[in-house]
Amino acid sequence: MEEINMDYLKIERSQEGLYEKFTQLKNKDLDWYEQETIKIIGIKNLPSKSDDDLIRQIIGKSLSDHQKKINGREYYIANAVVFLSVFREILSDDFIQKFAPQNALDDLLVYNYYRLFHSALFDSLILLNEYCANIKKSNDLPFGCGKNHYQHTLTLYQSLRQSIYGQCSYHSFIEVEPDLSISIIRQLVEIRVRRAFGVLGYYDVITGAIEPLSMSVIFKVLKEFKSRIDFSIPFDCLIRVYGWSNIFLHTGLKEYSWKHIFITNYLKEFSLGKPPNATGWSVNSGISIESKQVLDDIHSKLKNEHPKDVEVITCKPEAKIINA
């Protein structure tokens, strides 16, 4: 590796080391990475893209779609754009100043940011390695680093203990597994959608059995009404995020570390509601339905999707109904 690449990856696990590294990243290293990306991919500059378009380019909605994306040039360009935008936003002057030597910081806080940046810097170089391997079909990779692309059950078990006892305890390790946040993203999307429309399952009126109502059926029906529903993000992007999160849930396929941050920010209004307006602020405004009639029609359509005589198990809908 060239000397500047060693400088790019070098990061010390100390408050002073982070302060120096964050300053160097902001003033020099991220600019170096951008130019290196432009040179390796062979473009004039990194394009400006909307968040919606970036979501469509950096995540696959299925395993086959993911495989198709990693064999396309735009996937790597979009990921580089996301990496740089995410960490340039984090590295504000106020944030960096918090790590100045005169401030007393908790060791665990220092460790968590060390881990975040250490992982992201490695992933950013792995991204360029994988571009060369998958797109250029080259065995001569520019950077000497790599990673295991699949989650091991050992780390899943250790993270399970950590979720119970905490990151600093006698019963769990300090190391965190950021990819497990994908499982939470999946659960967030599913629960948000189900509760927004108040649909939980099917009840067989003949046998008294309770049957599952799959998300694929819910999305199929919602697609018919998408022009009359505001999901805060494009409907196709919502389905893409859900499908992407299912890939990790079913295969343990690990991701570049900036995706979790970008998608979490992307889902903010969908999850927490839109900013205050003339009618006030509500977490339910993250999903808005045109009228009560639209909601009733959705419930009827879901009922008709089942081949037997069933009722839809409902709860109070959490979406904002505009013309109630």
# chains A, B, ... in the order shown; residues from 1 in each chain; ligands from 1
>>> select_by_dssp(residues="segment 111-287 of chain A", states="helix (DSSP H, G or I)", output="PyMOL selection string")
chain A and resi 111-134+153-165+178-197+215-228+235-251+257-266+268-272+283-286
>>> write_last_selection(atoms="C-alpha atoms", output="short mmCIF file (atom, residue, chain, number, x, y, z; two decimals), in the first residue's frame")
data_model
loop_
_atom_site.label_atom_id
_atom_site.label_comp_id
_atom_site.auth_asym_id
_atom_site.auth_seq_id
_atom_site.Cartn_x
_atom_site.Cartn_y
_atom_site.Cartn_z
CA TYR A 111 -14.46 3.54 21.62
CA ASN A 112 -17.81 3.70 19.81
CA TYR A 113 -16.69 6.47 17.44
CA TYR A 114 -13.33 4.78 16.94
CA ARG A 115 -15.10 1.59 15.90
CA LEU A 116 -17.53 3.44 13.61
CA PHE A 117 -14.82 5.29 11.70
CA HIS A 118 -12.36 2.40 11.71
CA SER A 119 -14.98 0.17 10.08
CA ALA A 120 -16.11 2.81 7.58
CA LEU A 121 -12.60 3.63 6.39
CA PHE A 122 -11.86 -0.04 5.76
CA ASP A 123 -15.18 -0.49 3.97
CA SER A 124 -14.51 2.52 1.75
CA LEU A 125 -11.33 0.91 0.45
CA ILE A 126 -13.02 -2.49 0.16
CA LEU A 127 -15.63 -0.77 -2.05
CA LEU A 128 -12.89 0.25 -4.50
CA ASN A 129 -11.27 -3.19 -4.31
CA GLU A 130 -14.60 -4.79 -5.18
CA TYR A 131 -15.13 -2.37 -8.06
CA CYS A 132 -11.81 -3.50 -9.52
CA ALA A 133 -12.64 -7.18 -8.95
CA ASN A 134 -16.28 -7.16 -10.10
CA THR A 153 -23.75 -16.93 14.52
CA LEU A 154 -21.07 -16.38 17.18
CA THR A 155 -21.29 -12.60 16.78
CA LEU A 156 -25.09 -12.83 16.65
CA TYR A 157 -25.07 -14.62 20.00
CA GLN A 158 -22.67 -12.12 21.54
CA SER A 159 -24.83 -9.24 20.31
CA LEU A 160 -27.90 -10.95 21.76
CA ARG A 161 -26.22 -10.93 25.18
CA GLN A 162 -25.25 -7.31 24.68
CA SER A 163 -28.83 -6.29 23.88
CA ILE A 164 -29.86 -7.81 27.24
CA TYR A 165 -27.03 -6.71 29.52
CA PRO A 178 -23.67 -2.58 13.27
CA ASP A 179 -25.15 -4.92 10.66
CA LEU A 180 -27.69 -6.13 13.21
CA SER A 181 -29.32 -2.71 12.88
CA ILE A 182 -30.65 -4.02 9.56
CA SER A 183 -32.89 -6.40 11.52
CA ILE A 184 -34.32 -3.43 13.39
CA ILE A 185 -34.87 -1.54 10.13
CA ARG A 186 -36.89 -4.48 8.83
CA GLN A 187 -38.98 -4.65 12.00
CA LEU A 188 -39.47 -0.89 11.98
CA VAL A 189 -40.82 -0.89 8.42
CA GLU A 190 -43.12 -3.86 9.00
CA ILE A 191 -44.61 -2.66 12.29
CA ARG A 192 -44.97 0.89 10.99
CA VAL A 193 -46.90 -0.25 7.92
CA ARG A 194 -49.08 -2.80 9.73
CA ARG A 195 -50.07 -0.39 12.49
CA ALA A 196 -50.47 2.56 10.14
CA PHE A 197 -53.27 0.71 8.35
CA MET A 215 -46.20 -8.15 3.99
CA SER A 216 -46.13 -9.16 0.32
CA VAL A 217 -49.95 -9.20 0.29
CA ILE A 218 -50.10 -5.88 2.16
CA PHE A 219 -47.69 -4.24 -0.28
CA LYS A 220 -49.61 -5.71 -3.23
CA VAL A 221 -52.84 -4.08 -2.04
CA LEU A 222 -51.21 -0.80 -1.00
CA LYS A 223 -49.69 -0.49 -4.46
CA GLU A 224 -53.23 -0.06 -5.85
CA PHE A 225 -53.79 2.92 -3.54
CA LYS A 226 -50.31 4.46 -3.47
CA SER A 227 -51.44 7.65 -5.23
CA ARG A 228 -53.82 8.29 -2.32
CA PHE A 235 -43.49 3.65 -2.30
CA ASP A 236 -40.98 1.77 -4.47
CA CYS A 237 -38.16 2.86 -2.15
CA LEU A 238 -40.10 1.65 0.89
CA ILE A 239 -40.51 -1.79 -0.70
CA ARG A 240 -36.83 -1.76 -1.66
CA VAL A 241 -35.69 -0.99 1.91
CA TYR A 242 -37.92 -3.78 3.25
CA GLY A 243 -36.67 -6.28 0.67
CA TRP A 244 -33.05 -5.29 1.33
CA SER A 245 -33.48 -5.81 5.07
CA ASN A 246 -34.95 -9.27 4.39
CA ILE A 247 -31.77 -10.25 2.55
CA PHE A 248 -29.75 -9.76 5.74
CA LEU A 249 -32.38 -11.45 7.89
CA HIS A 250 -32.42 -14.60 5.75
CA THR A 251 -28.78 -14.82 4.66
CA SER A 257 -21.15 0.40 7.18
CA TRP A 258 -22.47 3.71 5.80
CA LYS A 259 -25.66 2.14 4.46
CA HIS A 260 -27.12 1.67 7.94
CA ILE A 261 -26.60 5.35 8.74
CA PHE A 262 -27.93 6.60 5.42
CA ILE A 263 -31.05 4.42 5.51
CA THR A 264 -31.76 5.29 9.16
CA ASN A 265 -31.69 8.98 8.25
CA TYR A 266 -33.73 8.30 5.11
CA LYS A 268 -36.71 9.50 9.73
CA GLU A 269 -39.97 11.12 8.58
CA PHE A 270 -41.51 7.75 7.72
CA SER A 271 -40.74 6.59 11.27
CA LEU A 272 -41.21 9.72 13.38
CA VAL A 283 -45.70 10.90 14.72
CA ASN A 284 -48.64 9.43 12.77
CA SER A 285 -48.10 11.96 9.95
CA GLY A 286 -45.24 9.79 8.71
#
>>> select_by_dssp(residues="segment 47-283 of chain A", states="strand (DSSP E or B)", output="list in words")
Tyr150, Val199, Leu200, Gly201, Tyr202, Tyr203, Asp204, Ile210, Glu211, Pro212, Ile229, Asp230, Leu253, Asn277 and Gly280 of chain A
>>> residues_around(residues="Gln97 of chain A", least_positions_apart="5", cutoff="10 Å", atoms="only C-alpha atoms", output="MDAnalysis selection string")
chainID A and resid 19 22:23 91:92 102:103
>>> write_last_selection(atoms="N, CA and C atoms", output="compact mmCIF listing (two decimals), in the first residue's frame")
# COMPACT_ATOMS: atom_id res chain seq x y z
N TYR A 19 -9.51 13.09 17.66
CA TYR A 19 -9.55 14.52 17.34
C TYR A 19 -8.64 14.83 16.15
N PHE A 22 -10.17 13.02 12.94
CA PHE A 22 -11.36 13.69 12.42
C PHE A 22 -10.98 14.98 11.68
N THR A 23 -10.02 15.71 12.25
CA THR A 23 -9.55 16.93 11.60
C THR A 23 -8.89 16.61 10.26
N LEU A 91 -18.88 14.89 10.32
CA LEU A 91 -17.66 15.61 10.71
C LEU A 91 -17.86 17.13 10.63
N SER A 92 -18.85 17.62 11.34
CA SER A 92 -19.03 19.07 11.46
C SER A 92 -17.98 19.63 12.42
N GLN A 102 -9.17 19.31 25.70
CA GLN A 102 -9.63 19.94 26.94
C GLN A 102 -10.98 19.40 27.42
N ASN A 103 -11.66 18.63 26.60
CA ASN A 103 -12.96 18.06 26.98
C ASN A 103 -12.77 16.65 27.54
>>> residues_around(residues="Tyr202 of chain A", least_positions_apart="6", cutoff="6 Å", atoms="only C-alpha atoms", output="PyMOL selection string")
chain A and resi 210-211+311-313
>>> closest_residue(among="A:Ser169, A:Lys69, A:Ile77, A:Ser14", to="Lys44 of chain A", atoms="only C-alpha atoms")
A:Ile77
>>> closest_residue(among="A:Leu108, A:Gly252, A:His66, A:Lys137", to="His152 of chain A", atoms="only C-alpha atoms")
A:Gly252
>>> closest_residue(among="A:Ser64, A:Asn45, A:Gln57, A:Thr37", to="Ala80 of chain A", atoms="only C-alpha atoms")
A:Thr37
>>> closest_residue(among="A:Leu46, A:Leu295, A:Ile135, A:Leu105", to="Asn71 of chain A", atoms="only C-alpha atoms")
A:Ile135
>>> residues_around(residues="Asp309 of chain A", least_positions_apart="4", cutoff="9 Å", atoms="only C-alpha atoms", output="list in words")
Tyr203, Asp204, Val205, Ile206, Lys303 and Asn304 of chain A
>>> write_last_selection(atoms="C-alpha atoms", output="short mmCIF file (atom, residue, chain, number, x, y, z; two decimals), in the first residue's frame")
data_model
loop_
_atom_site.label_atom_id
_atom_site.label_comp_id
_atom_site.auth_asym_id
_atom_site.auth_seq_id
_atom_site.Cartn_x
_atom_site.Cartn_y
_atom_site.Cartn_z
CA TYR A 203 -59.29 -14.64 11.28
CA ASP A 204 -60.99 -17.71 9.79
CA VAL A 205 -64.65 -17.32 10.80
CA ILE A 206 -65.36 -21.03 10.15
CA LYS A 303 -60.04 -9.54 2.85
CA ASN A 304 -60.61 -10.45 -0.79
#
>>> decode(residues="segment 48-173 of chain A", atoms="C-alpha atoms", output="CSV table (one decimal), in the first residue's frame")
chain,number,residue,atom,x,y,z
A,48,SER,CA,-25.1,14.7,-7.4
A,49,LYS,CA,-28.0,12.4,-6.7
A,50,SER,CA,-31.2,12.6,-4.8
A,51,ASP,CA,-31.6,10.4,-1.7
A,52,ASP,CA,-34.4,8.4,-3.5
A,53,ASP,CA,-32.1,7.7,-6.4
A,54,LEU,CA,-29.3,6.7,-4.1
A,55,ILE,CA,-31.6,4.2,-2.3
A,56,ARG,CA,-32.5,2.7,-5.6
A,57,GLN,CA,-28.8,2.3,-6.6
A,58,ILE,CA,-27.1,1.1,-3.4
A,59,ILE,CA,-29.6,-1.5,-2.1
A,60,GLY,CA,-31.2,-4.5,-3.9
A,61,LYS,CA,-34.8,-5.5,-3.1
A,62,SER,CA,-33.9,-9.2,-3.5
A,63,LEU,CA,-30.8,-11.3,-3.5
A,64,SER,CA,-30.9,-11.6,-7.3
A,65,ASP,CA,-31.3,-7.8,-7.5
A,66,HIS,CA,-28.3,-7.3,-5.1
A,67,GLN,CA,-26.2,-9.6,-7.4
A,68,LYS,CA,-27.2,-7.6,-10.4
A,69,LYS,CA,-26.2,-4.3,-8.7
A,70,ILE,CA,-22.8,-5.4,-7.6
A,71,ASN,CA,-22.1,-6.2,-11.2
A,72,GLY,CA,-23.0,-2.7,-12.3
A,73,ARG,CA,-20.8,0.5,-12.3
A,74,GLU,CA,-23.5,2.8,-10.8
A,75,TYR,CA,-23.6,0.7,-7.6
A,76,TYR,CA,-20.0,1.7,-6.7
A,77,ILE,CA,-20.4,5.3,-7.7
A,78,ALA,CA,-23.6,5.7,-5.6
A,79,ASN,CA,-22.0,4.0,-2.6
A,80,ALA,CA,-19.0,6.3,-2.8
A,81,VAL,CA,-21.4,9.3,-2.9
A,82,VAL,CA,-23.2,8.0,0.2
A,83,PHE,CA,-20.0,7.3,2.1
A,84,LEU,CA,-18.7,10.7,1.5
A,85,SER,CA,-21.9,12.5,2.2
A,86,VAL,CA,-22.6,10.6,5.4
A,87,PHE,CA,-19.2,11.2,7.0
A,88,ARG,CA,-18.8,14.8,5.8
A,89,GLU,CA,-22.1,15.5,7.5
A,90,ILE,CA,-21.0,13.8,10.7
A,91,LEU,CA,-17.7,15.6,10.7
A,92,SER,CA,-19.0,19.1,11.5
A,93,ASP,CA,-16.8,21.5,13.2
A,94,ASP,CA,-19.0,21.3,16.4
A,95,PHE,CA,-18.7,17.5,16.4
A,96,ILE,CA,-14.9,17.5,16.0
A,97,GLN,CA,-14.5,20.1,18.7
A,98,LYS,CA,-16.2,17.8,21.2
A,99,PHE,CA,-13.1,15.5,21.0
A,100,ALA,CA,-10.6,18.4,21.7
A,101,PRO,CA,-8.1,17.5,24.5
A,102,GLN,CA,-9.6,19.9,26.9
A,103,ASN,CA,-13.0,18.1,27.0
A,104,ALA,CA,-13.4,15.0,29.3
A,105,LEU,CA,-15.0,12.2,27.3
A,106,ASP,CA,-16.1,8.8,28.5
A,107,ASP,CA,-13.9,5.9,27.3
A,108,LEU,CA,-17.0,4.0,25.9
A,109,LEU,CA,-18.0,7.1,23.8
A,110,VAL,CA,-14.4,7.3,22.4
A,111,TYR,CA,-14.5,3.5,21.6
A,112,ASN,CA,-17.8,3.7,19.8
A,113,TYR,CA,-16.7,6.5,17.4
A,114,TYR,CA,-13.3,4.8,16.9
A,115,ARG,CA,-15.1,1.6,15.9
A,116,LEU,CA,-17.5,3.4,13.6
A,117,PHE,CA,-14.8,5.3,11.7
A,118,HIS,CA,-12.4,2.4,11.7
A,119,SER,CA,-15.0,0.2,10.1
A,120,ALA,CA,-16.1,2.8,7.6
A,121,LEU,CA,-12.6,3.6,6.4
A,122,PHE,CA,-11.9,0.0,5.8
A,123,ASP,CA,-15.2,-0.5,4.0
A,124,SER,CA,-14.5,2.5,1.8
A,125,LEU,CA,-11.3,0.9,0.4
A,126,ILE,CA,-13.0,-2.5,0.2
A,127,LEU,CA,-15.6,-0.8,-2.1
A,128,LEU,CA,-12.9,0.3,-4.5
A,129,ASN,CA,-11.3,-3.2,-4.3
A,130,GLU,CA,-14.6,-4.8,-5.2
A,131,TYR,CA,-15.1,-2.4,-8.1
A,132,CYS,CA,-11.8,-3.5,-9.5
A,133,ALA,CA,-12.6,-7.2,-9.0
A,134,ASN,CA,-16.3,-7.2,-10.1
A,135,ILE,CA,-16.3,-4.5,-12.8
A,136,LYS,CA,-12.7,-4.4,-14.1
A,137,LYS,CA,-12.3,-8.1,-13.6
A,138,SER,CA,-8.8,-7.4,-12.2
A,139,ASN,CA,-6.9,-9.6,-9.7
A,140,ASP,CA,-4.6,-6.6,-9.0
A,141,LEU,CA,-6.5,-4.9,-6.2
A,142,PRO,CA,-5.4,-1.4,-5.2
A,143,PHE,CA,-5.7,-1.8,-1.4
A,144,GLY,CA,-4.7,-4.5,0.9
A,145,CYS,CA,-7.8,-5.1,3.0
A,146,GLY,CA,-10.9,-7.3,2.9
A,147,LYS,CA,-13.7,-8.5,5.1
A,148,ASN,CA,-16.0,-11.5,5.7
A,149,HIS,CA,-19.3,-10.7,3.9
A,150,TYR,CA,-21.5,-12.9,6.1
A,151,GLN,CA,-22.6,-12.6,9.7
A,152,HIS,CA,-21.4,-15.5,11.9
A,153,THR,CA,-23.8,-16.9,14.5
A,154,LEU,CA,-21.1,-16.4,17.2
A,155,THR,CA,-21.3,-12.6,16.8
A,156,LEU,CA,-25.1,-12.8,16.7
A,157,TYR,CA,-25.1,-14.6,20.0
A,158,GLN,CA,-22.7,-12.1,21.5
A,159,SER,CA,-24.8,-9.2,20.3
A,160,LEU,CA,-27.9,-10.9,21.8
A,161,ARG,CA,-26.2,-10.9,25.2
A,162,GLN,CA,-25.3,-7.3,24.7
A,163,SER,CA,-28.8,-6.3,23.9
A,164,ILE,CA,-29.9,-7.8,27.2
A,165,TYR,CA,-27.0,-6.7,29.5
A,166,GLY,CA,-25.7,-3.6,27.7
A,167,GLN,CA,-22.5,-2.8,26.0
A,168,CYS,CA,-20.6,-2.3,29.3
A,169,SER,CA,-21.4,-5.2,31.6
A,170,TYR,CA,-20.0,-8.4,33.1
A,171,HIS,CA,-22.1,-10.6,30.8
A,172,SER,CA,-21.4,-9.2,27.3
A,173,PHE,CA,-18.5,-7.9,25.2
